[in-house]
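Working notes for the structure below.
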Amino acid sequence: MIFKYEWLSRLINNSKGIWGVEIPLGSSHVSREVLEASNQHDEVEIVCIQDIGGEYKFMKDGGELIDLDLHSIVEKSIVAAAEFQRQCVRIVIDEFHLASFSIKASLIKTAREIQEKTTKIPVQFVFCGNWSYFLFVDEYRKSNGLTSSPAAEYKNVILAPNMNSSDVIKILIDEKLLARPSDIDMIACSFLIEQTAGDGYLIEKAIEYLKEKSGNWIDNLESVLQELSVAPDVIIEIKSRFNSLNEDSKIDLNKILRFYKLVRNFDSIDVECLWLSGLVVVQNIESSKKLIQIASPLISTVLRNNSENIGLKNIAPADAICFERDAITSAAYRKVAQIENLLRNIVVSEWFFEFGEEWQKKINVAKVPAFVGESEHKLIEFTLQCVKEELRKMGLVNSGTPEEESSVTLSKRPRSNVEPLLDSVLNWKKRQEEHHGVELLQCNIMHFLTTENLEKLLLNKTHPFCGDDKPFNKPFLTTALDEYRAIRSAVAHNQPIGLSALSRLDKLQKDFANWLTVFSAGVNQNSDQ
């Protein structure tokens, strides 16, 4: 069975044990995920803890309130399992964080007792909610002594993930904002997940705002994210999460906002509380270490713009921070590489078709400035000579004859050297292979052709790629290359391009493919004749 999340596979494939599922604020409940992932051989019962006027109750699906009696629930589930020939019983307790510590401890201890006594069929308990395992362990040991261990083992505690791109795609389709997702739709979904860290609350708000807009959802996405960063209800939500933190966690959050990424021990209660607040994300980097940072650019923006109001000190404003936009930039890098390699390969293919093994020599239709290399000392000598000439004019050093001065000056001036492009390319390749610290694999001379020099070859008049019986129309190609060069420059310098620029890059890629398709159709007709 293919599971939506890795944690679900761990849970469902193990039909026994006591499991704790920790859910950060902003995430949707995972109990429904557990139910949907369970197969027909599992008897599943989901109950939520409710505080009814100070008295705790279980609420079943449908709203029925029952006593907080695990024994009764398990007995009924075992009977149903026997009747329908189920292989295991899975009891899911949702909203576990709403219970007091004593109720939590009592329920988990009861679950262990039931498991130890039940031999007819495997029984699994899953405690889901915005609860801290490490904090529970700490309180449990304070109440029961250091020799007592909590009924749930750490290996069975799962940090539930936030939403992913597939979840967003499904919502967009359900809300009629999308029919059939394209490549750009998928990238935009990844971007939305990146900018919100898949926070269920923020995703829900983004979809709500998008539904109010006209036009393509991709065109509205970035403006919606900007609107969310100043939306009163979003600000209230993030402030509420911040206020839920203890003082130590607030201090750590202040440090994360200042230093962006910090390393902490895996069993840090403060880190767990920060993660549960939905304000940070946690990444395992070593067996005993975790890397933590603010959950998303949107959350960081809200925190930074409201830092003084919520008690954060000396935090740089959001508009001065370089936020990651990896979903877009990685896609742009990929498209740039695909476009550039396509154009490089067209040069090779067409010239090889026309000139055979002599095709490489045709690269010399362009001339480029010669590489100075290790001769910078010549420039220093020339500079010194200029200084001496000025000193001679001032009478501070002995002068030679006018002829000698003229001869020396002319011989020392650097010339405006150019070299054939092929020589430049081969020299660059050689320098990379001999002196550079980067290992290059399966490279050829075309990999050492800059974008500007590639453009020179494509638009050259000696062996043109534009015109009748050629791959491209020159006005179209010139315009396309101008636009491509501008976007490529922004991508290469890690500038924050938007989805609109990525869409233009995607259109350019399709234009090149369409033009070559039309050209290839003409080639096929000519060859048939």
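Naming scheme: A, B, ... for chains in displayed order of the structure tokens; residues 1 onward per chain; ligands 1 onward as shown.
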Distance query Gln124 (chain A) at most 8 Å, only C-alpha atoms, self and fewer than 4 positions along chain excluded, as a PyMOL selection string: chain A and resi 15-19+88-91+115
I'd like the contact shell of Arg86 (chain A) - 9 Å cut-off, only C-alpha atoms, skipping same-chain residues fewer than 5 positions apart - returned as a VMD selection string. chain A and resid 40 to 43 78 80 to 81 121
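Across the model, the gap from CA of Pro24 (chain A) to CA of Trp275 (chain A) is 6.3 Å.
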Please give the complete set of residues from region 124-310 of chain A that DSSP, run on the backbone, assigns to alpha helix (DSSP H), formatted as a count of residues only. 108
Region 205-211 of chain A surroundings by only C-alpha atoms, 7 Å radius, close-in-sequence under 3 positions cut, as a count of residues only: 6
Which neighbours of Asn246 (chain A) fall inside 12 Å, counting only C-alpha atoms, when residues of the same chain fewer than 6 positions from it are skipped, and could you give them as a CSV table (one decimal) with C-alpha atoms, in the first residue's frame?
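File written: out06.csv
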chain,number,residue,atom,x,y,z
A,252,ASP,CA,15.0,31.3,21.5
A,253,LEU,CA,12.5,32.5,18.9
A,269,ILE,CA,11.7,20.9,25.4
A,270,ASP,CA,11.9,24.5,24.1
A,271,VAL,CA,12.5,23.3,20.5
A,272,GLU,CA,9.5,21.0,20.7
A,273,CYS,CA,7.3,23.8,22.1
A,274,LEU,CA,8.5,26.1,19.3
A,277,SER,CA,3.5,26.5,18.1
How many Å lie between CA of Gln293 (chain A) and CA of Asn254 (chain A), rounded to one decimal?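 A separation of 10.9 Å between them.
Across the model, the gap from CA of Gly522 (chain A) to CA of Arg504 (chain A) is 27.1 Å.
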Please report, as a tab-separated table, each residue of region 114-222 of chain A lying at most 10 Å from region 58-75 of chain A, together with the nearest pair of atoms and the separation in Å rounded to one decimal; use only C-alpha atoms, and order rows by chain and ascending residue number.
residue	atom	partner	partner_atom	distance
A:Ile114	CA	A:His71	CA	7.3
A:Thr118	CA	A:Val74	CA	9.7
A:Val123	CA	A:Val74	CA	8.1
A:Gln124	CA	A:Val74	CA	9.9
A:Phe125	CA	A:Val74	CA	9.9
Could the residues in this selection be saved with C-alpha atoms as a compact mmCIF listing (two decimals), in the first residue's frame?
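Below you can see out-v4.txt, which holds the result:
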# COMPACT_ATOMS: atom_id res chain seq x y z
CA ILE A 114 -5.34 -3.02 28.19
CA THR A 118 -5.67 -8.34 25.70
CA VAL A 123 -4.83 -3.31 20.01
CA GLN A 124 -3.09 -0.09 19.02
CA PHE A 125 -3.60 3.31 20.69
Which residues, written as a PyMOL selection string, have at least one atom at most 10 Å from Tyr333 (chain A), with only C-alpha atoms counted and residues fewer than 2 positions away on the same chain left out? chain A and resi 326+328-331+335-339+488+491-492+494+502
Taking only C-alpha atoms into account, name the residue in A:Ser38, A:Val523, A:Glu324, A:Ser190 that is nearest to Asp468 (chain A). A:Val523
Which residues come within 12 Å of Glu33 (chain A), counting only C-alpha atoms, excluding same-chain residues fewer than 5 positions away, as a list in words?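 With the cut-off at 12 Å, the set is Phe3, Lys4, Tyr5, Glu6, Trp7, Leu8, Ser9, Leu11, Ile12, Val21, Ser28, Ser38, Asn39, Val44, Ile46, Val92, Asp94, Cys128, Ala160, Pro161, Met163 and Asp167 of chain A.
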As a list in words, please: the residues near Ser240 (chain A) (cut-off 12 Å, only C-alpha atoms, same-chain neighbours under 5 positions excluded).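 Selected residues are Leu25, Gly26, Asp233, Val234, Ile235, Leu245, Ser277, Gly278, Leu279, Leu303 and Ile310 of chain A.
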Would you return as a ChimeraX atom specification the members of region 25-199 of chain A that DSSP assigns to strand (DSSP E or B) on this structure's backbone? /A:42-52,55-60,65-66,88-94,123-129,157-159
Written selection (N, CA and C atoms) as a tab-separated table (two decimals), in the first residue's frame:
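File result_30.tsv, as written:
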chain	number	residue	atom	x	y	z
A	42	ASP	N	-8.65	-3.47	9.48
A	42	ASP	CA	-8.48	-2.79	10.76
A	42	ASP	C	-9.82	-2.29	11.27
A	43	GLU	N	-10.08	-2.49	12.53
A	43	GLU	CA	-11.25	-1.91	13.18
A	43	GLU	C	-10.80	-0.61	13.84
A	44	VAL	N	-11.28	0.53	13.32
A	44	VAL	CA	-10.79	1.84	13.76
A	44	VAL	C	-11.90	2.58	14.49
A	45	GLU	N	-11.57	3.12	15.65
A	45	GLU	CA	-12.49	3.95	16.42
A	45	GLU	C	-11.78	5.27	16.75
A	46	ILE	N	-12.42	6.39	16.38
A	46	ILE	CA	-11.85	7.72	16.63
A	46	ILE	C	-12.71	8.46	17.64
A	47	VAL	N	-12.09	8.93	18.70
A	47	VAL	CA	-12.79	9.75	19.69
A	47	VAL	C	-11.95	11.00	19.98
A	48	CYS	N	-12.62	12.10	20.27
A	48	CYS	CA	-11.94	13.35	20.59
A	48	CYS	C	-12.18	13.69	22.06
A	49	ILE	N	-11.17	14.20	22.73
A	49	ILE	CA	-11.34	14.64	24.11
A	49	ILE	C	-12.00	16.01	24.12
A	50	GLN	N	-12.99	16.16	24.97
A	50	GLN	CA	-13.70	17.43	25.10
A	50	GLN	C	-13.79	17.82	26.57
A	51	ASP	N	-13.62	19.10	26.83
A	51	ASP	CA	-13.79	19.62	28.18
A	51	ASP	C	-15.20	20.22	28.28
A	52	ILE	N	-16.10	19.52	28.94
A	52	ILE	CA	-17.49	19.95	29.05
A	52	ILE	C	-17.71	20.51	30.46
A	55	GLU	N	-15.57	18.94	33.05
A	55	GLU	CA	-15.60	17.48	33.04
A	55	GLU	C	-15.18	16.98	31.67
A	56	TYR	N	-14.23	16.04	31.66
A	56	TYR	CA	-13.72	15.54	30.39
A	56	TYR	C	-14.57	14.39	29.86
A	57	LYS	N	-14.85	14.45	28.57
A	57	LYS	CA	-15.64	13.42	27.89
A	57	LYS	C	-14.96	13.04	26.58
A	58	PHE	N	-15.33	11.88	26.08
A	58	PHE	CA	-14.98	11.50	24.71
A	58	PHE	C	-16.13	11.90	23.80
A	59	MET	N	-15.83	12.45	22.65
A	59	MET	CA	-16.86	12.73	21.66
A	59	MET	C	-16.58	11.87	20.44
A	60	LYS	N	-17.59	11.08	20.07
A	60	LYS	CA	-17.45	10.20	18.91
A	60	LYS	C	-17.76	10.97	17.63
A	65	LEU	N	-21.47	12.23	22.97
A	65	LEU	CA	-20.56	12.32	24.10
A	65	LEU	C	-20.65	11.05	24.94
A	66	ILE	N	-19.50	10.49	25.30
A	66	ILE	CA	-19.47	9.27	26.12
A	66	ILE	C	-18.45	9.46	27.23
A	88	CYS	N	-6.93	-6.29	13.51
A	88	CYS	CA	-6.43	-5.49	14.64
A	88	CYS	C	-7.45	-4.42	14.99
A	89	VAL	N	-7.30	-3.86	16.19
A	89	VAL	CA	-8.13	-2.75	16.65
A	89	VAL	C	-7.24	-1.52	16.81
A	90	ARG	N	-7.68	-0.41	16.24
A	90	ARG	CA	-6.91	0.84	16.34
A	90	ARG	C	-7.80	1.90	16.98
A	91	ILE	N	-7.40	2.38	18.14
A	91	ILE	CA	-8.15	3.41	18.87
A	91	ILE	C	-7.39	4.73	18.74
A	92	VAL	N	-8.02	5.73	18.14
A	92	VAL	CA	-7.40	7.04	17.94
A	92	VAL	C	-8.04	8.03	18.89
A	93	ILE	N	-7.22	8.63	19.77
A	93	ILE	CA	-7.71	9.66	20.70
A	93	ILE	C	-7.22	11.00	20.18
A	94	ASP	N	-8.13	11.82	19.70
A	94	ASP	CA	-7.77	13.12	19.11
A	94	ASP	C	-7.93	14.24	20.14
A	123	VAL	N	-4.17	-4.59	19.78
A	123	VAL	CA	-4.83	-3.31	20.01
A	123	VAL	C	-3.77	-2.21	19.97
A	124	GLN	N	-4.02	-1.22	19.15
A	124	GLN	CA	-3.09	-0.09	19.02
A	124	GLN	C	-3.80	1.19	19.48
A	125	PHE	N	-3.08	2.02	20.24
A	125	PHE	CA	-3.60	3.31	20.69
A	125	PHE	C	-2.78	4.43	20.06
A	126	VAL	N	-3.48	5.44	19.54
A	126	VAL	CA	-2.82	6.57	18.89
A	126	VAL	C	-3.34	7.86	19.55
A	127	PHE	N	-2.46	8.56	20.25
A	127	PHE	CA	-2.83	9.79	20.94
A	127	PHE	C	-2.37	10.98	20.10
A	128	CYS	N	-3.34	11.71	19.52
A	128	CYS	CA	-3.04	12.81	18.59
A	128	CYS	C	-3.38	14.16	19.20
A	129	GLY	N	-2.55	15.15	18.94
A	129	GLY	CA	-2.87	16.50	19.39
A	129	GLY	C	-1.66	17.39	19.47
A	157	VAL	N	6.80	8.07	18.97
A	157	VAL	CA	6.27	9.43	18.92
A	157	VAL	C	6.57	10.03	17.55
A	158	ILE	N	5.53	10.51	16.89
A	158	ILE	CA	5.64	10.98	15.51
A	158	ILE	C	5.32	12.47	15.45
A	159	LEU	N	6.14	13.21	14.73
A	159	LEU	CA	5.84	14.61	14.46
A	159	LEU	C	5.06	14.67	13.15
